[in-house]
Each structure stands twice: as C-alpha cells, then as structure tokens.
file my_file-v8.cif (mmCIF, C-alpha atoms)
data_upload
loop_
_atom_site.label_atom_id
_atom_site.label_comp_id
_atom_site.auth_asym_id
_atom_site.auth_seq_id
_atom_site.Cartn_x
_atom_site.Cartn_y
_atom_site.Cartn_z
CA MET A 1374 -87.34 53.89 -61.30
CA GLY A 1375 -85.93 57.30 -60.46
CA PHE A 1376 -86.95 60.86 -60.94
CA GLY A 1377 -85.80 62.59 -64.09
CA TRP A 1378 -85.15 66.30 -64.41
CA GLN A 1379 -88.65 66.86 -65.81
CA GLU A 1380 -90.38 65.33 -62.80
CA LEU A 1381 -88.18 67.28 -60.40
CA LEU A 1382 -88.97 70.51 -62.27
CA ILE A 1383 -92.71 69.85 -62.01
CA ILE A 1384 -92.40 69.14 -58.27
CA LEU A 1385 -90.38 72.34 -57.79
CA VAL A 1386 -93.03 74.41 -59.61
CA ILE A 1387 -95.83 72.90 -57.51
CA VAL A 1388 -93.94 73.56 -54.27
CA ALA A 1389 -93.24 77.15 -55.35
CA LEU A 1390 -96.93 77.68 -56.10
CA ILE A 1391 -98.00 76.26 -52.74
CA PHE A 1392 -95.48 78.04 -50.48
CA GLY A 1393 -94.45 81.05 -52.55
CA THR A 1394 -90.90 82.05 -53.38
CA LYS A 1395 -90.49 84.36 -50.38
CA LYS A 1396 -91.43 81.60 -47.94
CA LEU A 1397 -89.07 79.17 -49.71
CA ARG A 1398 -86.20 81.68 -49.40
CA ASN A 1399 -86.89 82.01 -45.68
CA ILE A 1400 -86.98 78.24 -45.25
CA GLY A 1401 -83.70 77.89 -47.16
CA SER A 1402 -82.08 80.58 -45.05
CA ASP A 1403 -83.26 78.95 -41.82
CA ILE A 1404 -81.99 75.54 -42.89
CA GLY A 1405 -78.64 77.02 -43.93
CA GLY A 1406 -78.28 78.75 -40.56
CA ALA A 1407 -79.12 75.55 -38.74
CA VAL A 1408 -76.54 73.56 -40.71
CA LYS A 1409 -73.88 76.23 -40.09
CA GLY A 1410 -74.64 76.26 -36.37
CA PHE A 1411 -74.47 72.48 -36.23
CA LYS A 1412 -71.10 72.42 -38.00
CA ASP A 1413 -69.74 75.11 -35.68
CA SER A 1414 -70.88 73.25 -32.57
CA VAL A 1415 -69.45 69.96 -33.79
CA SER A 1416 -66.07 71.51 -34.61
CA THR A 1417 -66.06 73.39 -31.28
CA ASP A 1418 -66.88 70.21 -29.38
CA THR A 1419 -64.04 68.28 -30.99
CA GLU A 1420 -61.59 71.11 -30.30
CA ASP A 1421 -62.79 71.37 -26.69
CA SER A 1422 -62.42 67.65 -26.14
CA ALA A 1423 -58.91 67.73 -27.62
CA ASP A 1424 -58.01 70.64 -25.32
CA THR A 1425 -59.48 68.82 -22.33
CA ASP A 1426 -57.51 65.66 -23.15
CA SER A 1427 -54.23 67.57 -23.41
CA VAL A 1428 -54.88 69.39 -20.12
CA GLU A 1429 -55.68 66.11 -18.36
CA LYS A 1430 -52.49 64.52 -19.69
CA SER A 1431 -50.36 67.48 -18.62
CA GLU A 1432 -51.90 67.37 -15.12
CA GLU A 1433 -51.02 63.68 -14.82
CA HIS A 1434 -47.34 64.36 -15.49
CA THR A 1435 -46.95 67.27 -13.09
CA GLU A 1436 -46.57 66.81 -9.36
CA PRO A 1437 -48.60 68.97 -7.01
CA SER A 1438 -46.44 71.79 -5.66
CA ASP A 1439 -48.58 72.69 -2.65
CA GLN A 1440 -47.67 69.61 -0.59
CA LYS A 1441 -46.00 70.57 2.70
CA ASP A 1442 -43.53 68.28 4.41
#

call {"tool": "encode", "arguments": {"input": "my_file-v8.cif", "output": "structure tokens"}}
result
Amino acid sequence: MGFGWQELLIILVIVALIFGTKKLRNIGSDIGGAVKGFKDSVSTDTEDSADTDSVEKSEEHTEPSDQKD
C-alpha cells in the first residue's frame, strides 16, 4: 500500500495551493542552506578532530626543550 505518482501529484498540487509557489521556493532554499551548513560543519569537525589527533601524537613523541638542568 504505497503512494503512486498520481497520489503524489495531487498532494503536490494541494500543497502548492495552500502555501503558494513563492513560499515553497523559500522553504526549499532554507532547507537546502541548512543541509549545506550541516554538511560543512560535519566535514570541518572530522578534519579538526583529525588535526587535533595528529598534533597530540606529535607532542607525545617530542621532548620538552625548555627543561633546565
């Protein structure tokens, strides 16, 4: 029991009549911007965590040079 293309077309026409095409374009643009921002933040977070891990590993292998004997 799924929706066929005819039912989806009727639903789309009803939604367009209720909201108007201009409002639907704005909603689509807002959703697209939100998805793009989410993808950017997720990819930035994974790159930042990879950078942080490599910095922490490099700090473990180096000895502090400011120790005075």

call {"tool": "atom_distance", "arguments": {"input": "my_file-v8.cif", "atom1": "CA of Gly1393 in chain A", "atom2": "CA of Lys1412 in chain A"}}
result
28.8 Å

call {"tool": "atom_distance", "arguments": {"input": "my_file-v8.cif", "atom1": "CA of Lys1409 in chain A", "atom2": "CA of Lys1395 in chain A"}}
result
21.2 Å

call {"tool": "atom_distance", "arguments": {"input": "my_file-v8.cif", "atom1": "CA of Ile1400 in chain A", "atom2": "CA of Leu1385 in chain A"}}
result
14.3 Å
